[in-house]
>>> print(open('protein-v4.cif').read())   # mmCIF, C-alpha atoms and all ligand atoms
data_final
loop_
_atom_site.label_atom_id
_atom_site.label_comp_id
_atom_site.auth_asym_id
_atom_site.auth_seq_id
_atom_site.Cartn_x
_atom_site.Cartn_y
_atom_site.Cartn_z
CA MET A 1 0.00 0.00 0.00
CA PHE A 2 1.20 3.51 -0.80
CA ASP A 3 1.99 6.17 1.76
CA ARG A 4 -1.37 7.39 3.00
CA ARG A 5 -0.06 10.42 4.82
CA VAL A 6 -1.69 13.70 3.82
CA PRO A 7 0.52 16.77 3.40
CA ALA A 8 0.19 19.50 6.00
CA PRO A 9 -2.19 22.28 5.00
CA PRO A 10 -0.77 25.54 3.68
CA ALA A 11 -0.16 28.21 6.29
CA PHE A 12 -2.78 30.97 6.48
CA GLY A 13 -2.19 33.43 3.64
CA ASP A 14 0.17 31.19 1.68
CA PRO A 15 -0.35 31.29 -2.10
CA ILE A 16 -2.00 28.10 -3.36
CA HIS A 17 -0.60 27.12 -6.74
CA ALA A 18 -3.00 25.22 -8.99
CA ASP A 19 -0.43 23.17 -10.87
CA GLY A 20 -2.87 20.45 -11.82
CA SER A 21 -2.66 16.75 -11.02
CA PRO A 22 -2.98 13.90 -13.52
CA ASP A 23 -3.38 11.55 -10.54
CA MET A 24 -6.34 13.53 -9.29
CA LEU A 25 -7.91 13.59 -12.75
CA ALA A 26 -7.50 9.83 -12.94
CA GLN A 27 -9.18 9.46 -9.55
CA LEU A 28 -12.05 11.71 -10.58
CA ALA A 29 -12.51 9.79 -13.83
CA CYS A 30 -13.25 6.61 -11.87
CA ARG A 31 -14.95 8.19 -8.86
CA ARG A 32 -17.39 5.62 -7.54
CA SER A 33 -19.07 4.80 -4.27
CA ALA A 34 -18.45 1.40 -2.78
CA SER A 35 -21.52 -0.46 -1.58
CA ALA A 36 -21.83 0.10 2.17
CA LEU A 37 -22.28 -3.65 2.61
CA SER A 38 -18.95 -4.26 0.89
CA LEU A 39 -16.98 -2.11 3.33
CA THR A 40 -14.85 -4.07 5.74
CA THR A 41 -11.91 -3.79 8.10
CA PRO A 42 -9.48 -2.19 8.24
CA GLY A 43 -11.17 1.17 8.07
CA PRO A 44 -9.25 4.40 8.31
CA SER A 45 -7.28 4.66 11.55
CA PRO A 46 -8.12 7.55 13.88
CA ASP A 47 -5.17 9.53 12.45
CA GLU A 48 -6.20 8.79 8.88
CA LEU A 49 -9.76 9.75 9.65
CA ALA A 50 -8.57 13.02 11.16
CA ASP A 51 -6.77 13.71 7.88
CA LEU A 52 -9.84 12.79 5.84
CA LEU A 53 -12.06 15.11 7.87
CA ARG A 54 -9.51 17.92 7.55
CA LEU A 55 -9.65 17.49 3.77
CA ALA A 56 -13.46 17.38 3.78
CA ALA A 57 -13.57 20.57 5.85
CA ARG A 58 -11.88 22.42 2.95
CA ALA A 59 -15.31 22.50 1.27
CA PRO A 60 -16.42 25.80 -0.22
CA ASP A 61 -18.39 27.77 2.33
CA HIS A 62 -19.90 31.21 1.72
CA GLY A 63 -19.04 33.48 4.63
CA LYS A 64 -16.44 31.20 6.25
CA LEU A 65 -19.10 29.99 8.65
CA PHE A 66 -18.10 26.30 8.61
CA PRO A 67 -21.82 25.50 8.89
CA TRP A 68 -21.39 21.78 9.47
CA ARG A 69 -19.83 19.36 11.89
CA PHE A 70 -18.90 15.71 12.11
CA ILE A 71 -19.90 12.99 14.53
CA VAL A 72 -17.64 9.94 14.26
CA LEU A 73 -19.07 6.51 14.98
CA ARG A 74 -16.78 3.53 15.30
CA ASP A 75 -16.26 0.42 17.40
CA THR A 76 -18.51 0.09 20.45
CA ALA A 77 -19.94 3.59 20.03
CA LYS A 78 -21.22 2.69 16.57
CA ALA A 79 -22.63 -0.57 17.91
CA ARG A 80 -24.46 1.31 20.69
CA PHE A 81 -25.80 3.85 18.20
CA ALA A 82 -27.01 1.02 15.95
CA ALA A 83 -28.72 -0.67 18.91
CA GLY A 84 -30.46 2.60 19.74
CA LEU A 85 -31.59 2.98 16.15
CA ASP A 86 -32.83 -0.58 16.15
CA ALA A 87 -35.13 0.24 19.08
CA ILE A 88 -36.38 3.36 17.29
CA ALA A 89 -36.87 1.37 14.08
CA ALA A 90 -38.97 -1.22 15.90
CA ALA A 91 -41.57 1.44 16.73
CA ARG A 92 -41.85 2.67 13.15
CA PRO A 93 -44.66 1.58 10.82
CA ASP A 94 -42.01 0.28 8.40
CA ALA A 95 -40.13 -1.51 11.19
CA ASP A 96 -38.85 -4.48 9.20
CA LYS A 97 -37.51 -2.33 6.38
CA ALA A 98 -36.05 0.22 8.79
CA ARG A 99 -34.26 -2.45 10.82
CA ALA A 100 -32.92 -4.15 7.69
CA ALA A 101 -31.50 -0.81 6.51
CA LEU A 102 -29.26 -0.73 9.56
CA GLY A 103 -26.94 -3.28 7.94
CA LYS A 104 -25.41 -0.38 6.01
CA LEU A 105 -24.49 1.20 9.34
CA THR A 106 -23.35 -1.90 11.20
CA THR A 107 -21.23 -3.44 8.42
CA PRO A 108 -18.66 -0.72 7.61
CA PRO A 109 -15.98 -0.20 10.26
CA VAL A 110 -16.31 3.59 10.37
CA ALA A 111 -19.23 5.96 9.97
CA VAL A 112 -19.18 9.74 9.93
CA ALA A 113 -22.39 11.67 10.36
CA VAL A 114 -22.11 15.00 8.58
CA LEU A 115 -24.45 17.51 10.16
CA SER A 116 -25.56 20.70 8.50
CA SER A 117 -25.28 23.21 11.32
CA PRO A 118 -26.43 26.51 9.85
CA HIS A 119 -25.80 29.94 11.31
CA ASP A 120 -28.26 32.82 11.47
CA GLY A 121 -27.34 35.81 9.36
CA LYS A 122 -27.15 36.92 5.79
CA ILE A 123 -25.86 33.71 4.18
CA PRO A 124 -28.90 31.82 2.83
CA LEU A 125 -29.71 28.54 4.52
CA TRP A 126 -29.69 26.82 1.10
CA GLU A 127 -26.07 27.82 0.57
CA GLN A 128 -25.07 26.56 3.99
CA GLU A 129 -26.80 23.24 3.33
CA LEU A 130 -25.14 22.95 -0.07
CA SER A 131 -21.82 23.45 1.68
CA ALA A 132 -22.62 20.48 3.94
CA GLY A 133 -23.24 18.42 0.80
CA ALA A 134 -19.89 19.55 -0.56
CA VAL A 135 -18.27 18.34 2.65
CA CYS A 136 -19.77 14.88 2.11
CA MET A 137 -18.58 14.85 -1.48
CA LEU A 138 -15.05 15.85 -0.52
CA LEU A 139 -15.01 13.16 2.14
CA LEU A 140 -15.91 10.56 -0.50
CA LEU A 141 -13.16 11.80 -2.80
CA ALA A 142 -10.57 11.99 -0.06
CA ALA A 143 -11.40 8.48 1.10
CA GLN A 144 -11.05 7.10 -2.42
CA ALA A 145 -7.72 8.92 -2.85
CA MET A 146 -6.56 7.30 0.41
CA GLY A 147 -7.50 3.88 -0.90
CA TYR A 148 -10.69 3.39 1.08
CA GLY A 149 -14.19 2.75 -0.13
CA ALA A 150 -16.89 5.19 0.87
CA ASN A 151 -20.63 5.57 0.55
CA TRP A 152 -22.88 8.55 1.35
CA ILE A 153 -26.15 7.32 2.77
CA THR A 154 -29.06 9.20 4.27
CA ASP A 155 -31.70 6.54 4.89
CA TRP A 156 -34.53 6.94 7.39
CA TYR A 157 -32.34 7.75 10.36
CA SER A 158 -31.16 10.98 8.73
CA PHE A 159 -34.73 12.26 8.86
CA ASP A 160 -36.22 10.63 11.97
CA ALA A 161 -36.42 13.07 14.90
CA ASP A 162 -35.73 10.36 17.50
CA ALA A 163 -32.73 9.11 15.54
CA LEU A 164 -31.32 12.61 15.24
CA ARG A 165 -31.77 13.12 18.98
CA LEU A 166 -29.93 9.86 19.65
CA LEU A 167 -27.15 11.05 17.36
CA GLY A 168 -26.82 14.27 19.32
CA ALA A 169 -28.05 16.69 16.65
CA ARG A 170 -28.86 20.11 18.07
CA ALA A 171 -31.88 22.28 17.30
CA GLY A 172 -31.67 23.50 13.69
CA GLU A 173 -29.21 20.82 12.62
CA LYS A 174 -29.94 18.31 9.88
CA ALA A 175 -28.06 15.23 8.77
CA ALA A 176 -26.49 15.82 5.36
CA GLY A 177 -25.87 12.12 5.57
CA PHE A 178 -23.74 9.34 6.94
CA VAL A 179 -20.52 8.62 5.11
CA TYR A 180 -19.47 5.02 5.55
CA LEU A 181 -15.81 4.17 5.21
CA GLY A 182 -13.75 1.02 5.05
CA ALA A 183 -11.59 -1.27 3.01
CA VAL A 184 -13.36 -2.44 -0.12
CA ALA A 185 -14.09 -6.17 -0.05
CA GLU A 186 -15.59 -6.21 -3.52
CA ALA A 187 -14.75 -3.66 -6.20
CA PRO A 188 -17.83 -1.76 -7.34
CA LEU A 189 -18.74 -2.06 -10.99
CA GLU A 190 -19.15 0.97 -13.16
CA ARG A 191 -22.77 2.07 -13.26
CA VAL A 192 -24.74 3.98 -15.84
CA ARG A 193 -23.60 7.58 -16.21
CA PRO A 194 -25.51 10.45 -17.73
CA GLU A 195 -25.54 11.32 -21.39
CA MET A 196 -23.78 14.65 -21.10
CA ALA A 197 -25.38 16.11 -24.22
CA ALA A 198 -28.76 15.88 -22.47
CA LEU A 199 -27.49 17.87 -19.50
CA VAL A 200 -25.34 20.56 -21.05
CA SER A 201 -26.36 23.41 -23.27
CA ASP A 202 -24.94 26.75 -24.27
CA TRP A 203 -27.04 29.69 -23.20
CA ALA A 204 -29.03 30.73 -26.23
CA GLY A 205 -29.67 34.29 -25.05
C1 LIG A 301 -27.57 12.93 -0.38
C2 LIG A 301 -27.46 11.49 -0.80
C3 LIG A 301 -28.11 10.52 -0.07
C4 LIG A 301 -28.04 9.18 -0.44
N1 LIG A 301 -28.69 8.25 0.30
C5 LIG A 301 -28.68 6.97 -0.09
C6 LIG A 301 -29.40 5.99 0.65
O1 LIG A 301 -30.01 6.29 1.67
N2 LIG A 301 -29.36 4.71 0.21
C7 LIG A 301 -28.67 4.36 -0.92
O2 LIG A 301 -28.67 3.19 -1.29
N3 LIG A 301 -27.97 5.27 -1.63
C8 LIG A 301 -27.96 6.55 -1.25
N4 LIG A 301 -27.27 7.49 -1.97
C9 LIG A 301 -26.54 7.08 -3.20
C10 LIG A 301 -25.14 6.54 -2.97
O3 LIG A 301 -24.41 7.31 -2.07
C11 LIG A 301 -24.34 6.50 -4.28
O4 LIG A 301 -24.14 7.83 -4.73
C12 LIG A 301 -25.04 5.72 -5.34
O5 LIG A 301 -25.11 4.39 -4.94
C13 LIG A 301 -24.38 5.85 -6.72
O6 LIG A 301 -23.06 5.47 -6.74
P1 LIG A 301 -21.89 6.47 -7.17
O7 LIG A 301 -21.72 7.44 -6.01
O8 LIG A 301 -20.72 5.58 -7.36
O9 LIG A 301 -22.26 7.18 -8.40
C14 LIG A 301 -27.30 8.82 -1.59
C15 LIG A 301 -26.61 9.80 -2.31
C16 LIG A 301 -26.70 11.12 -1.94
C17 LIG A 301 -25.95 12.15 -2.74
#
>>> encode(input="protein-v4.cif", output="C-alpha cells", more="lines below")
Ligand SMILES: Cc1cc2nc3c(=O)[nH]c(=O)nc-3n(C[C@H](O)[C@H](O)[C@H](O)COP(=O)(O)O)c2cc1C
Amino acid sequence: MFDRRVPAPPAFGDPIHADGSPDMLAQLACRRSASALSLTTPGPSPDELADLLRLAARAPDHGKLFPWRFIVLRDTAKARFAAGLDAIAAARPDADKARAALGKLTTPPVAVAVLSSPHDGKIPLWEQELSAGAVCMLLLLAAQAMGYGANWITDWYSFDADALRLLGARAGEKAAGFVYLGAVAEAPLERVRPEMAALVSDWAG
C-alpha cells in the first residue's frame, strides 16, 4: 500500500498554486461509491480519519461559517448507536424495512455523520446546506484517494427526529448524511452515467 499520509495544510495566507494533477484527474474519472455492505476492516485509523475530515472541511463555504460538523461513529460507540436505532426502528410503521436498513451502518468499520449546522445571518440557509453536501462529497473523494471505499447514505435515520436526537443533533441541525468508510471487499462495478449532451447546453440568449 502507498503512503497514505496527507501533506500539512498551507499556512494561512500562503499562495496556493494550482499546478494540476494527472493523478487527481485519474481518480475523478473513476470516482465511484463502494456499496456500504462491501466495506470491511481495516477502516481508516483515527489519524487517517482526522486527515480525511480535515480534507473534507476544505469544502467551499460562503461566509467562512463552517456550517457543518462531524460525529464519528466507530467500534462500540457505533454498535451502541445502531442498537439505539434498532429500538427506534422497531416502533416505526415500516419496522422491518427500517431495521434491515441498519446493515449499512453496522457493516462498515467507520461511519461519519455529517451535520448541517447553519448559522443565522445573511448567508442563505440553502447555501449553507449545499456546503454540507460539498463536505460529504469531498469526504468521499478523499477516502477514495486514500484507498478506502466510501458511501454517502441518508436513509430513514437521517430524517427521523428520535434518531437525530440519539445522534446528538442540536436544534436546527440536519443530517447531510452518513458517510461510511472502510476497506473495499468487492470492487464496485461501473454504473450507468448520464448522457452529457442531455445535461449541457450553451445559453441561447
Ligand atoms: C444525499 C445522498 C443521499 C443518499 N442516500 C442513499 C441511501 O439512503 N441509500 C442508498 O442506497 N444510496 C444513497 N445514496 C446514493 C449513494 O451514495 C451513491 O451515490 C449511489 O449508490 C451511486 O453510486 P456512485 O456514487 O458511485 O455514483 C445517496 C446519495 C446522496 C448524494
>>> residues_around(input="protein-v4.cif", residues="Arg99 of chain A", least_positions_apart="2", cutoff="8 Å", atoms="all atoms listed in the file", output="count of residues only")
9
>>> closest_residue(input="protein-v4.cif", among="A:Phe81, A:Tyr157, A:Tyr148, A:Phe2", to="ligand LIG 301 (chain A)", atoms="all atoms listed in the file")
A:Tyr157
>>> residues_near_ligand(input="protein-v4.cif", ligand="ligand LIG 301 (chain A)", cutoff="9 Å", atoms="only C-alpha atoms and all ligand atoms", output="ChimeraX atom specification")
/A:30-36,101,104,133,136-137,140,150-156,158,176-179,188-193
>>> atom_distance(input="protein-v4.cif", atom1="atom CA of Asp47 of chain A", atom2="atom CA of Asp23 of chain A")
23.1 Å
>>> residues_around(input="protein-v4.cif", residues="segment 69-73 of chain A", least_positions_apart="2", cutoff="7 Å", atoms="all atoms listed in the file", output="list in words")
Ala77, Lys78, Val110, Ala111, Val112, Ala113, Val114, Leu115, Ser116 and Ser117 of chain A
>>> atom_distance(input="protein-v4.cif", atom1="atom CA of Ala185 of chain A", atom2="atom CA of Leu39 of chain A")
6.0 Å
>>> atom_distance(input="protein-v4.cif", atom1="atom CA of Asp14 of chain A", atom2="atom CA of Gln144 of chain A")
26.9 Å
>>> closest_residue(input="protein-v4.cif", among="A:Ala26, A:Leu65, A:Leu164, A:Ala142", to="Glu129 of chain A", atoms="all atoms listed in the file")
A:Leu65
>>> closest_residue(input="protein-v4.cif", among="A:Pro108, A:Gly149, A:Pro42, A:Pro10", to="Leu55 of chain A", atoms="all atoms listed in the file")
A:Pro10
>>> closest_residue(input="protein-v4.cif", among="A:Gly43, A:Gly84, A:Gly20, A:Asp51", to="Ala8 of chain A", atoms="all atoms listed in the file")
A:Asp51
>>> closest_residue(input="protein-v4.cif", among="A:Leu105, A:Leu167, A:Ala59, A:Ile88", to="Gln128 of chain A", atoms="all atoms listed in the file")
A:Ala59
>>> residues_around(input="protein-v4.cif", residues="Glu127 of chain A", least_positions_apart="5", cutoff="10 Å", atoms="all atoms listed in the file", output="PyMOL selection string")
chain A and resi 60-63+67+118+132-133
>>> closest_residue(input="protein-v4.cif", among="A:Ala18, A:Ala198, A:Leu181, A:Ala100", to="Leu141 of chain A", atoms="all atoms listed in the file")
A:Leu181
